Amino acid sequence: MPPSQPPTGTSPARPRATRAARSADPASDKADDARPSGRRTLNIENVTDLSILGPGGEALESEIPDLPDAEFVRIYRAMVLTRKFDVRMLNMQRQGQMGTFAPGYGQEATQIPQVYWLTKEDWFSPSYRSFGAQIWRGWAMDHLMLLWAGYHEGFAPPPDVNDLPFSIVIGSHLPLATGVAMGLRYREQPGVMVCNFGDGASSEGAVHEAMNFAAVYAAPVVFVLENNGYAISTKISTQTRTETFAARAAAYGMPGIRADGNDILAMLTACREGVEHARAGNGPTLIEAVTYRMGVHTTADDPKVYRDDDEVEAWKRRCPIERFEQWLLNRGTLDAATVGRIAEDCDREVLEARDRFRERAVARPEEIFDYVYETMPPELREQKAEYLARLRRKGLNVPKQADDID
Ligand SMILES: Cc1ncc(C[n+]2csc(CCOP(=O)(O)OP(=O)(O)O)c2C)c(N)n1
Ligand SMILES: [Mg+2]
């Protein structure tokens, strides 16, 4: 019998699961224990825990990122907009206006920091739950709505934005991200690449290859692992046997930072360190953002089947937006009236985006036939014609196609 068996089932007996202080499991009771902790230096020997903002809006003064108040407000607004977009998208999906959607409710503090320190020459390669970061990078919300409604043009990054389309095949984008970073190095261009992925994706072979290669060749890339507790219904206790995901960094020979992913100040600091490290030519960093997916995995999921309400309630108390808001109120950077105005403005912006989306979202049913072959085989042409004729008989206004068979 091998000395250690891989975990089986959903709740393996694992002694370290009770060691909540350094458990990789955000579903652990650490949710109630969000105290600001001390700082550490960036090195490859130790995984460093980073937490700056406490549960009641208090912060470690010496560790607050050196940013003007106006920037904190801009970041807060972006977090609120991310959530408003999220809630609206879920509603639209329930009303039949979206194909599917992967909400990021509760993960707003992981989003903006990843891309906050990037310049125009830098790159971003996201997974599918990264719309907050995408909006910050310049993706219009109506464009993202087109994407989630299944219009292929929605996948195209905006002009002059160095983003890759988001990856649905989990972990598959990390080798590409490392490749882009290597390309920057070979061409002696100054940019860096930031990519994000989930705790589930971290089990993919491609992720290992990308991180190892990046470390060996000092590729300017920052790997942000959003540990939100679950890969659909799979808990992280069945995903890894390491104490933390960030612990893997040392094995690759890169710095690892484990940050409170519901703490915007900690995430800003962690991401700045990772980006600066890459920009200085020192290679990659792995940042583990410990957060929690408050809502459904996607609109096809029902999390009540695999997790308790108590767990969700405990994480509600760590809401990243409320924590940041409380801090901004405490120090007088925001007042209640401004908070209310920001919420209203964001609501309005999302509704305006929805209206633009509705104008742009003209169904093109013929397209399901169009992009499979360079030259469409005759039998597929026949099927297409038959299908479109049926739609016309049903009264749908399907324009005549160049390859229609009458
Ligand atoms: C290679 C691959 N295998 C399986 C899937 C199906 N799938 C979609 S999302 C997901 C879970 C991913 O979890 P995680 O990486 O933790 O990201 P999260 O959804 O929690 O943000 C799985 C298994 C996929 N998209 N790609
Ligand atoms: Mg996950």
# chains A, B, ... in the order shown; residues from 1 in each chain; ligands from 1
call {"tool": "residues_around", "arguments": {"residues": "Lys400 in chain A", "least_positions_apart": "5", "cutoff": "12 Å", "atoms": "only C-alpha atoms", "output": "PyMOL selection string"}}
result
chain A and resi 364+366+384-385+388-389+391-392+405-406
call {"tool": "write_last_selection", "arguments": {"atoms": "C-alpha atoms", "output": "CSV table (one decimal), in the first residue's frame"}}
result
chain,number,residue,atom,x,y,z
A,364,ARG,CA,-28.4,35.0,-36.9
A,366,GLU,CA,-27.9,30.6,-40.1
A,384,LYS,CA,-29.3,24.9,-43.8
A,385,ALA,CA,-31.8,25.8,-46.5
A,388,LEU,CA,-34.1,28.5,-42.7
A,389,ALA,CA,-37.2,27.8,-44.7
A,391,LEU,CA,-37.9,29.4,-39.6
A,392,ARG,CA,-39.5,31.6,-42.4
A,405,ILE,CA,-31.1,26.8,-52.1
A,406,ASP,CA,-34.6,27.7,-53.5
call {"tool": "residues_near_ligand", "arguments": {"ligand": "ligand 1", "cutoff": "9 Å", "atoms": "only C-alpha atoms and all ligand atoms", "output": "PyMOL selection string"}}
result
chain A and resi 102-104+127-130+167-172+197-204+225-236+292-293+297-298
call {"tool": "closest_residue", "arguments": {"among": "A:Gly261, A:Gly132, A:Pro65, A:Gly56", "to": "Arg77 in chain A", "atoms": "only C-alpha atoms"}}
result
A:Gly132
call {"tool": "atom_distance", "arguments": {"atom1": "CA of Ala149 in chain A", "atom2": "CA of Phe357 in chain A"}}
result
9.6 Å
call {"tool": "atom_distance", "arguments": {"atom1": "CA of Tyr371 in chain A", "atom2": "CA of Tyr151 in chain A"}}
result
13.1 Å
call {"tool": "closest_residue", "arguments": {"among": "A:Thr269, A:Gln111, A:Thr244, A:Asn262", "to": "Gly54 in chain A", "atoms": "only C-alpha atoms"}}
result
A:Asn262
call {"tool": "closest_residue", "arguments": {"among": "A:Ile321, A:Pro165, A:Ala337, A:Gln107", "to": "ligand 2", "atoms": "only C-alpha atoms and all ligand atoms"}}
result
A:Gln107
call {"tool": "closest_residue", "arguments": {"among": "A:Glu153, A:Glu61, A:Glu313, A:Glu288", "to": "ligand 2", "atoms": "only C-alpha atoms and all ligand atoms"}}
result
A:Glu288
call {"tool": "closest_residue", "arguments": {"among": "A:Tyr105, A:Gly154, A:Asn282, A:Ala177", "to": "Val312 in chain A", "atoms": "only C-alpha atoms"}}
result
A:Tyr105
call {"tool": "residues_around", "arguments": {"residues": "Leu81 in chain A", "least_positions_apart": "5", "cutoff": "10 Å", "atoms": "only C-alpha atoms", "output": "ChimeraX atom specification"}}
result
/A:75-76,86-87,108,132,135-136,342-350
call {"tool": "select_by_dssp", "arguments": {"residues": "range 172-384 of chain A", "states": "helix (DSSP H, G or I)", "output": "mmCIF file with N, CA and C atoms, in the first residue's frame"}}
result
data_model
loop_
_atom_site.group_PDB
_atom_site.id
_atom_site.type_symbol
_atom_site.label_atom_id
_atom_site.label_comp_id
_atom_site.auth_asym_id
_atom_site.auth_seq_id
_atom_site.Cartn_x
_atom_site.Cartn_y
_atom_site.Cartn_z
ATOM 1 N N HIS A 173 -5.345 28.213 -20.949
ATOM 2 C CA HIS A 173 -4.779 29.501 -21.386
ATOM 3 C C HIS A 173 -3.429 29.786 -20.726
ATOM 4 N N LEU A 174 -3.057 29.006 -19.717
ATOM 5 C CA LEU A 174 -1.790 29.334 -19.033
ATOM 6 C C LEU A 174 -0.553 29.127 -19.908
ATOM 7 N N PRO A 175 -0.472 28.027 -20.670
ATOM 8 C CA PRO A 175 0.673 27.926 -21.584
ATOM 9 C C PRO A 175 0.700 29.075 -22.601
ATOM 10 N N LEU A 176 -0.468 29.516 -23.028
ATOM 11 C CA LEU A 176 -0.500 30.642 -23.973
ATOM 12 C C LEU A 176 -0.010 31.909 -23.280
ATOM 13 N N ALA A 177 -0.436 32.083 -22.032
ATOM 14 C CA ALA A 177 -0.009 33.270 -21.284
ATOM 15 C C ALA A 177 1.510 33.273 -21.120
ATOM 16 N N THR A 178 2.048 32.105 -20.755
ATOM 17 C CA THR A 178 3.506 32.013 -20.626
ATOM 18 C C THR A 178 4.157 32.256 -21.985
ATOM 19 N N GLY A 179 3.531 31.755 -23.032
ATOM 20 C CA GLY A 179 4.069 31.957 -24.379
ATOM 21 C C GLY A 179 4.108 33.425 -24.762
ATOM 22 N N VAL A 180 3.032 34.135 -24.457
ATOM 23 C CA VAL A 180 3.018 35.571 -24.752
ATOM 24 C C VAL A 180 4.132 36.273 -23.965
ATOM 25 N N ALA A 181 4.266 35.882 -22.694
ATOM 26 C CA ALA A 181 5.311 36.502 -21.860
ATOM 27 C C ALA A 181 6.699 36.201 -22.429
ATOM 28 N N MET A 182 6.905 34.978 -22.903
ATOM 29 C CA MET A 182 8.195 34.634 -23.510
ATOM 30 C C MET A 182 8.423 35.459 -24.775
ATOM 31 N N GLY A 183 7.332 35.656 -25.525
ATOM 32 C CA GLY A 183 7.428 36.484 -26.740
ATOM 33 C C GLY A 183 7.885 37.895 -26.412
ATOM 34 N N LEU A 184 7.348 38.426 -25.322
ATOM 35 C CA LEU A 184 7.749 39.779 -24.897
ATOM 36 C C LEU A 184 9.240 39.792 -24.581
ATOM 37 N N ARG A 185 9.693 38.729 -23.911
ATOM 38 C CA ARG A 185 11.122 38.642 -23.557
ATOM 39 C C ARG A 185 11.997 38.569 -24.789
ATOM 40 N N TYR A 186 11.634 37.665 -25.723
ATOM 41 C CA TYR A 186 12.455 37.485 -26.929
ATOM 42 C C TYR A 186 12.562 38.783 -27.716
ATOM 43 N N ALA A 201 -8.735 24.526 -11.883
ATOM 44 C CA ALA A 201 -7.814 24.556 -13.029
ATOM 45 C C ALA A 201 -6.396 24.204 -12.604
ATOM 46 N N SER A 202 -6.077 24.476 -11.342
ATOM 47 C CA SER A 202 -4.705 24.232 -10.883
ATOM 48 C C SER A 202 -4.331 22.755 -10.952
ATOM 49 N N SER A 203 -5.316 21.869 -11.099
ATOM 50 C CA SER A 203 -5.016 20.442 -11.204
ATOM 51 C C SER A 203 -4.733 20.007 -12.636
ATOM 52 N N GLY A 205 -2.726 19.589 -16.093
ATOM 53 C CA GLY A 205 -1.314 19.460 -16.461
ATOM 54 C C GLY A 205 -0.770 20.710 -17.129
ATOM 55 N N ALA A 206 -1.613 21.354 -17.919
ATOM 56 C CA ALA A 206 -1.161 22.545 -18.648
ATOM 57 C C ALA A 206 -0.702 23.646 -17.693
ATOM 58 N N VAL A 207 -1.339 23.685 -16.523
ATOM 59 C CA VAL A 207 -0.993 24.726 -15.544
ATOM 60 C C VAL A 207 0.409 24.480 -15.001
ATOM 61 N N HIS A 208 0.698 23.223 -14.711
ATOM 62 C CA HIS A 208 2.039 22.858 -14.228
ATOM 63 C C HIS A 208 3.087 23.207 -15.288
ATOM 64 N N GLU A 209 2.828 22.826 -16.520
ATOM 65 C CA GLU A 209 3.800 23.088 -17.593
ATOM 66 C C GLU A 209 4.047 24.586 -17.733
ATOM 67 N N ALA A 210 2.967 25.344 -17.689
ATOM 68 C CA ALA A 210 3.095 26.789 -17.884
ATOM 69 C C ALA A 210 3.901 27.426 -16.756
ATOM 70 N N MET A 211 3.635 26.989 -15.526
ATOM 71 C CA MET A 211 4.323 27.614 -14.385
ATOM 72 C C MET A 211 5.792 27.201 -14.340
ATOM 73 N N ASN A 212 6.036 25.927 -14.616
ATOM 74 C CA ASN A 212 7.428 25.466 -14.587
ATOM 75 C C ASN A 212 8.243 26.154 -15.672
ATOM 76 N N PHE A 213 7.683 26.192 -16.871
ATOM 77 C CA PHE A 213 8.403 26.811 -17.993
ATOM 78 C C PHE A 213 8.666 28.291 -17.692
ATOM 79 N N ALA A 214 7.637 28.951 -17.188
ATOM 80 C CA ALA A 214 7.774 30.386 -16.888
ATOM 81 C C ALA A 214 8.871 30.629 -15.857
ATOM 82 N N ALA A 215 8.930 29.744 -14.850
ATOM 83 C CA ALA A 215 9.947 29.924 -13.801
ATOM 84 C C ALA A 215 11.344 29.674 -14.362
ATOM 85 N N VAL A 216 11.490 28.590 -15.124
ATOM 86 C CA VAL A 216 12.810 28.225 -15.650
ATOM 87 C C VAL A 216 13.352 29.350 -16.536
ATOM 88 N N ILE A 236 -12.010 22.207 -2.452
ATOM 89 C CA ILE A 236 -10.562 22.183 -2.624
ATOM 90 C C ILE A 236 -9.894 21.095 -1.791
ATOM 91 N N SER A 237 -10.594 20.582 -0.779
ATOM 92 C CA SER A 237 -9.989 19.487 -0.001
ATOM 93 C C SER A 237 -9.839 18.236 -0.862
ATOM 94 N N THR A 238 -10.559 18.157 -1.961
ATOM 95 C CA THR A 238 -10.341 17.037 -2.877
ATOM 96 C C THR A 238 -9.579 17.501 -4.126
ATOM 97 N N ARG A 248 2.874 25.804 -3.657
ATOM 98 C CA ARG A 248 3.466 25.205 -4.857
ATOM 99 C C ARG A 248 4.534 26.108 -5.483
ATOM 100 N N ALA A 249 4.445 27.385 -5.197
ATOM 101 C CA ALA A 249 5.360 28.339 -5.841
ATOM 102 C C ALA A 249 6.815 27.968 -5.582
ATOM 103 N N ALA A 250 7.102 27.580 -4.341
ATOM 104 C CA ALA A 250 8.493 27.278 -3.974
ATOM 105 C C ALA A 250 9.040 26.133 -4.814
ATOM 106 N N ALA A 251 8.185 25.167 -5.123
ATOM 107 C CA ALA A 251 8.643 24.020 -5.914
ATOM 108 C C ALA A 251 8.984 24.436 -7.343
ATOM 109 N N TYR A 252 8.314 25.473 -7.817
ATOM 110 C CA TYR A 252 8.640 25.976 -9.155
ATOM 111 C C TYR A 252 9.836 26.935 -9.112
ATOM 112 N N ILE A 264 -9.371 44.028 -0.640
ATOM 113 C CA ILE A 264 -8.901 44.730 -1.843
ATOM 114 C C ILE A 264 -7.503 45.317 -1.631
ATOM 115 N N LEU A 265 -7.215 45.756 -0.407
ATOM 116 C CA LEU A 265 -5.899 46.367 -0.158
ATOM 117 C C LEU A 265 -4.796 45.302 -0.245
ATOM 118 N N ALA A 266 -5.080 44.120 0.305
ATOM 119 C CA ALA A 266 -4.097 43.029 0.228
ATOM 120 C C ALA A 266 -3.888 42.609 -1.219
ATOM 121 N N MET A 267 -4.972 42.535 -1.963
ATOM 122 C CA MET A 267 -4.846 42.108 -3.361
ATOM 123 C C MET A 267 -4.098 43.156 -4.186
ATOM 124 N N LEU A 268 -4.354 44.426 -3.901
ATOM 125 C CA LEU A 268 -3.616 45.477 -4.627
ATOM 126 C C LEU A 268 -2.123 45.348 -4.362
ATOM 127 N N THR A 269 -1.788 45.089 -3.102
ATOM 128 C CA THR A 269 -0.374 44.960 -2.737
ATOM 129 C C THR A 269 0.247 43.724 -3.369
ATOM 130 N N ALA A 270 -0.452 42.602 -3.266
ATOM 131 C CA ALA A 270 0.085 41.346 -3.823
ATOM 132 C C ALA A 270 0.318 41.485 -5.329
ATOM 133 N N CYS A 271 -0.655 42.041 -6.009
ATOM 134 C CA CYS A 271 -0.554 42.133 -7.474
ATOM 135 C C CYS A 271 0.516 43.143 -7.890
ATOM 136 N N ARG A 272 0.649 44.201 -7.118
ATOM 137 C CA ARG A 272 1.716 45.163 -7.440
ATOM 138 C C ARG A 272 3.080 44.476 -7.317
ATOM 139 N N GLU A 273 3.248 43.697 -6.267
ATOM 140 C CA GLU A 273 4.527 43.006 -6.078
ATOM 141 C C GLU A 273 4.793 42.030 -7.222
ATOM 142 N N GLY A 274 3.756 41.301 -7.613
ATOM 143 C CA GLY A 274 3.930 40.338 -8.706
ATOM 144 C C GLY A 274 4.276 41.026 -10.017
ATOM 145 N N VAL A 275 3.565 42.105 -10.316
ATOM 146 C CA VAL A 275 3.789 42.822 -11.579
ATOM 147 C C VAL A 275 5.174 43.474 -11.573
ATOM 148 N N GLU A 276 5.542 44.077 -10.458
ATOM 149 C CA GLU A 276 6.870 44.731 -10.392
ATOM 150 C C GLU A 276 7.993 43.699 -10.506
ATOM 151 N N HIS A 277 7.788 42.556 -9.884
ATOM 152 C CA HIS A 277 8.770 41.479 -9.932
ATOM 153 C C HIS A 277 9.005 41.043 -11.389
ATOM 154 N N ALA A 278 7.896 40.867 -12.112
ATOM 155 C CA ALA A 278 8.002 40.460 -13.523
ATOM 156 C C ALA A 278 8.614 41.580 -14.358
ATOM 157 N N ARG A 279 8.188 42.796 -14.098
ATOM 158 C CA ARG A 279 8.661 43.937 -14.893
ATOM 159 C C ARG A 279 10.163 44.164 -14.702
ATOM 160 N N PRO A 303 -25.880 25.240 -6.101
ATOM 161 C CA PRO A 303 -24.908 24.926 -5.051
ATOM 162 C C PRO A 303 -25.522 24.380 -3.770
ATOM 163 N N LYS A 304 -26.825 24.522 -3.589
ATOM 164 C CA LYS A 304 -27.453 23.995 -2.367
ATOM 165 C C LYS A 304 -27.268 22.489 -2.271
ATOM 166 N N VAL A 305 -27.025 21.859 -3.398
ATOM 167 C CA VAL A 305 -26.862 20.410 -3.424
ATOM 168 C C VAL A 305 -25.548 19.988 -2.752
ATOM 169 N N ASP A 309 -25.841 26.280 3.835
ATOM 170 C CA ASP A 309 -26.128 27.718 3.910
ATOM 171 C C ASP A 309 -25.237 28.413 4.934
ATOM 172 N N ASP A 310 -24.915 27.696 6.032
ATOM 173 C CA ASP A 310 -24.091 28.298 7.091
ATOM 174 C C ASP A 310 -22.747 28.777 6.550
ATOM 175 N N GLU A 311 -22.206 27.963 5.681
ATOM 176 C CA GLU A 311 -20.903 28.301 5.089
ATOM 177 C C GLU A 311 -21.020 29.595 4.275
ATOM 178 N N VAL A 312 -22.073 29.683 3.508
ATOM 179 C CA VAL A 312 -22.278 30.868 2.667
ATOM 180 C C VAL A 312 -22.504 32.092 3.556
ATOM 181 N N GLU A 313 -23.297 31.890 4.622
ATOM 182 C CA GLU A 313 -23.582 32.998 5.543
ATOM 183 C C GLU A 313 -22.294 33.532 6.179
ATOM 184 N N ALA A 314 -21.391 32.613 6.541
ATOM 185 C CA ALA A 314 -20.128 33.036 7.163
ATOM 186 C C ALA A 314 -19.321 33.909 6.192
ATOM 187 N N TRP A 315 -19.369 33.568 4.935
ATOM 188 C CA TRP A 315 -18.611 34.353 3.953
ATOM 189 C C TRP A 315 -19.289 35.670 3.611
ATOM 190 N N LYS A 316 -20.600 35.696 3.760
ATOM 191 C CA LYS A 316 -21.316 36.963 3.535
ATOM 192 C C LYS A 316 -20.750 38.059 4.423
ATOM 193 N N PRO A 320 -16.385 41.581 0.237
ATOM 194 C CA PRO A 320 -15.253 42.448 -0.099
ATOM 195 C C PRO A 320 -15.655 43.896 -0.355
ATOM 196 N N ILE A 321 -16.856 44.086 -0.840
ATOM 197 C CA ILE A 321 -17.293 45.459 -1.129
ATOM 198 C C ILE A 321 -17.639 46.174 0.175
ATOM 199 N N GLU A 322 -18.374 45.478 1.047
ATOM 200 C CA GLU A 322 -18.757 46.120 2.322
ATOM 201 C C GLU A 322 -17.529 46.445 3.175
ATOM 202 N N ARG A 323 -16.563 45.550 3.177
ATOM 203 C CA ARG A 323 -15.346 45.800 3.979
ATOM 204 C C ARG A 323 -14.623 47.049 3.497
ATOM 205 N N PHE A 324 -14.481 47.137 2.200
ATOM 206 C CA PHE A 324 -13.768 48.277 1.618
ATOM 207 C C PHE A 324 -14.577 49.563 1.843
ATOM 208 N N GLU A 325 -15.870 49.442 1.638
ATOM 209 C CA GLU A 325 -16.764 50.603 1.819
ATOM 210 C C GLU A 325 -16.665 51.126 3.247
ATOM 211 N N GLN A 326 -16.688 50.188 4.199
ATOM 212 C CA GLN A 326 -16.616 50.588 5.607
ATOM 213 C C GLN A 326 -15.306 51.323 5.898
ATOM 214 N N TRP A 327 -14.238 50.839 5.328
ATOM 215 C CA TRP A 327 -12.925 51.486 5.518
ATOM 216 C C TRP A 327 -12.946 52.895 4.927
ATOM 217 N N LEU A 328 -13.513 53.023 3.739
ATOM 218 C CA LEU A 328 -13.577 54.336 3.083
ATOM 219 C C LEU A 328 -14.475 55.299 3.861
ATOM 220 N N LEU A 329 -15.548 54.762 4.443
ATOM 221 C CA LEU A 329 -16.435 55.602 5.268
ATOM 222 C C LEU A 329 -15.713 56.010 6.550
ATOM 223 N N ASN A 330 -15.047 55.042 7.196
ATOM 224 C CA ASN A 330 -14.343 55.311 8.465
ATOM 225 C C ASN A 330 -13.330 56.434 8.316
ATOM 226 N N ALA A 336 -22.109 58.585 3.093
ATOM 227 C CA ALA A 336 -23.256 57.741 2.729
ATOM 228 C C ALA A 336 -23.905 58.226 1.435
ATOM 229 N N ALA A 337 -23.976 59.555 1.268
ATOM 230 C CA ALA A 337 -24.625 60.086 0.067
ATOM 231 C C ALA A 337 -23.858 59.659 -1.186
ATOM 232 N N THR A 338 -22.532 59.712 -1.110
ATOM 233 C CA THR A 338 -21.721 59.334 -2.280
ATOM 234 C C THR A 338 -21.856 57.846 -2.573
ATOM 235 N N VAL A 339 -21.907 57.044 -1.509
ATOM 236 C CA VAL A 339 -22.111 55.601 -1.693
ATOM 237 C C VAL A 339 -23.412 55.361 -2.464
ATOM 238 N N GLY A 340 -24.468 56.064 -2.053
ATOM 239 C CA GLY A 340 -25.766 55.910 -2.708
ATOM 240 C C GLY A 340 -25.714 56.364 -4.165
ATOM 241 N N ARG A 341 -25.012 57.466 -4.404
ATOM 242 C CA ARG A 341 -24.932 57.991 -5.777
ATOM 243 C C ARG A 341 -24.149 57.025 -6.676
ATOM 244 N N ILE A 342 -23.083 56.485 -6.153
ATOM 245 C CA ILE A 342 -22.281 55.531 -6.945
ATOM 246 C C ILE A 342 -23.149 54.323 -7.321
ATOM 247 N N ALA A 343 -23.908 53.827 -6.342
ATOM 248 C CA ALA A 343 -24.770 52.658 -6.622
ATOM 249 C C ALA A 343 -25.768 52.988 -7.726
ATOM 250 N N GLU A 344 -26.374 54.181 -7.631
ATOM 251 C CA GLU A 344 -27.358 54.572 -8.660
ATOM 252 C C GLU A 344 -26.701 54.713 -10.022
ATOM 253 N N ASP A 345 -25.531 55.362 -10.052
ATOM 254 C CA ASP A 345 -24.824 55.554 -11.329
ATOM 255 C C ASP A 345 -24.492 54.210 -11.969
ATOM 256 N N CYS A 346 -24.027 53.288 -11.142
ATOM 257 C CA CYS A 346 -23.635 51.974 -11.685
ATOM 258 C C CYS A 346 -24.855 51.228 -12.205
ATOM 259 N N ASP A 347 -25.956 51.307 -11.463
ATOM 260 C CA ASP A 347 -27.209 50.690 -11.930
ATOM 261 C C ASP A 347 -27.577 51.220 -13.304
ATOM 262 N N ARG A 348 -27.521 52.550 -13.417
ATOM 263 C CA ARG A 348 -27.916 53.172 -14.678
ATOM 264 C C ARG A 348 -26.990 52.744 -15.822
ATOM 265 N N GLU A 349 -25.687 52.726 -15.531
ATOM 266 C CA GLU A 349 -24.725 52.320 -16.574
ATOM 267 C C GLU A 349 -25.004 50.918 -17.087
ATOM 268 N N VAL A 350 -25.337 50.027 -16.168
ATOM 269 C CA VAL A 350 -25.586 48.643 -16.576
ATOM 270 C C VAL A 350 -26.871 48.564 -17.413
ATOM 271 N N LEU A 351 -27.891 49.329 -17.005
ATOM 272 C CA LEU A 351 -29.137 49.304 -17.774
ATOM 273 C C LEU A 351 -28.931 49.900 -19.170
ATOM 274 N N GLU A 352 -28.119 50.940 -19.257
ATOM 275 C CA GLU A 352 -27.828 51.521 -20.582
ATOM 276 C C GLU A 352 -27.094 50.501 -21.455
ATOM 277 N N ALA A 353 -26.178 49.759 -20.823
ATOM 278 C CA ALA A 353 -25.454 48.715 -21.568
ATOM 279 C C ALA A 353 -26.431 47.644 -22.050
ATOM 280 N N ARG A 354 -27.382 47.295 -21.173
ATOM 281 C CA ARG A 354 -28.371 46.293 -21.569
ATOM 282 C C ARG A 354 -29.174 46.757 -22.785
ATOM 283 N N ASP A 355 -29.534 48.050 -22.797
ATOM 284 C CA ASP A 355 -30.299 48.566 -23.941
ATOM 285 C C ASP A 355 -29.472 48.518 -25.225
ATOM 286 N N ARG A 356 -28.189 48.872 -25.112
ATOM 287 C CA ARG A 356 -27.325 48.811 -26.314
ATOM 288 C C ARG A 356 -27.182 47.356 -26.779
ATOM 289 N N PHE A 357 -27.055 46.467 -25.811
ATOM 290 C CA PHE A 357 -26.945 45.039 -26.149
ATOM 291 C C PHE A 357 -28.187 44.584 -26.909
ATOM 292 N N ARG A 358 -29.369 44.985 -26.444
ATOM 293 C CA ARG A 358 -30.604 44.529 -27.088
ATOM 294 C C ARG A 358 -30.670 44.997 -28.545
ATOM 295 N N GLU A 359 -30.151 46.200 -28.790
ATOM 296 C CA GLU A 359 -30.133 46.691 -30.175
ATOM 297 C C GLU A 359 -29.167 45.875 -31.033
ATOM 298 N N ARG A 360 -28.061 45.476 -30.438
ATOM 299 C CA ARG A 360 -27.030 44.772 -31.216
ATOM 300 C C ARG A 360 -27.324 43.279 -31.360
ATOM 301 N N GLU A 367 -25.911 31.117 -38.753
ATOM 302 C CA GLU A 367 -24.480 31.000 -38.450
ATOM 303 C C GLU A 367 -24.074 29.644 -37.876
ATOM 304 N N ILE A 368 -25.041 28.916 -37.343
ATOM 305 C CA ILE A 368 -24.637 27.622 -36.781
ATOM 306 C C ILE A 368 -24.129 26.689 -37.875
ATOM 307 N N PHE A 369 -24.433 27.010 -39.132
ATOM 308 C CA PHE A 369 -23.942 26.171 -40.238
ATOM 309 C C PHE A 369 -22.641 26.722 -40.849
ATOM 310 N N ASP A 370 -22.371 27.987 -40.590
ATOM 311 C CA ASP A 370 -21.451 28.718 -41.460
ATOM 312 C C ASP A 370 -19.965 28.511 -41.215
ATOM 313 N N PRO A 378 -22.502 19.880 -49.882
ATOM 314 C CA PRO A 378 -23.877 20.022 -50.379
ATOM 315 C C PRO A 378 -24.933 19.603 -49.366
ATOM 316 N N GLU A 379 -24.675 18.506 -48.618
ATOM 317 C CA GLU A 379 -25.729 18.055 -47.691
ATOM 318 C C GLU A 379 -25.950 19.068 -46.563
ATOM 319 N N LEU A 380 -24.879 19.754 -46.167
ATOM 320 C CA LEU A 380 -25.040 20.769 -45.124
ATOM 321 C C LEU A 380 -25.771 22.000 -45.691
ATOM 322 N N ARG A 381 -25.485 22.310 -46.944
ATOM 323 C CA ARG A 381 -26.216 23.420 -47.600
ATOM 324 C C ARG A 381 -27.701 23.117 -47.618
ATOM 325 N N GLU A 382 -28.022 21.860 -47.909
ATOM 326 C CA GLU A 382 -29.439 21.472 -47.948
ATOM 327 C C GLU A 382 -30.074 21.608 -46.571
ATOM 328 N N GLN A 383 -29.346 21.139 -45.575
ATOM 329 C CA GLN A 383 -29.880 21.234 -44.198
ATOM 330 C C GLN A 383 -30.103 22.684 -43.801
ATOM 331 N N LYS A 384 -29.152 23.508 -44.167
ATOM 332 C CA LYS A 384 -29.254 24.923 -43.823
ATOM 333 C C LYS A 384 -30.501 25.526 -44.485
#
call {"tool": "atom_distance", "arguments": {"atom1": "CA of Gly57 in chain A", "atom2": "CA of Phe85 in chain A"}}
result
24.4 Å
call {"tool": "select_by_dssp", "arguments": {"residues": "range 190-280 of chain A", "states": "strand (DSSP E)", "output": "list in words"}}
result
Met193, Val194, Cys195, Asn196, Phe197, Gly198, Val221, Val222, Phe223, Val224, Leu225, Glu226, Asn227, Tyr230, Ala231, Thr234, Lys235, Gly256, Ile257, Arg258, Ala259 and Asp260 of chain A
call {"tool": "closest_residue", "arguments": {"among": "A:Ala219, A:Ala289, A:Ala361, A:Ala300", "to": "ligand 2", "atoms": "only C-alpha atoms and all ligand atoms"}}
result
A:Ala289
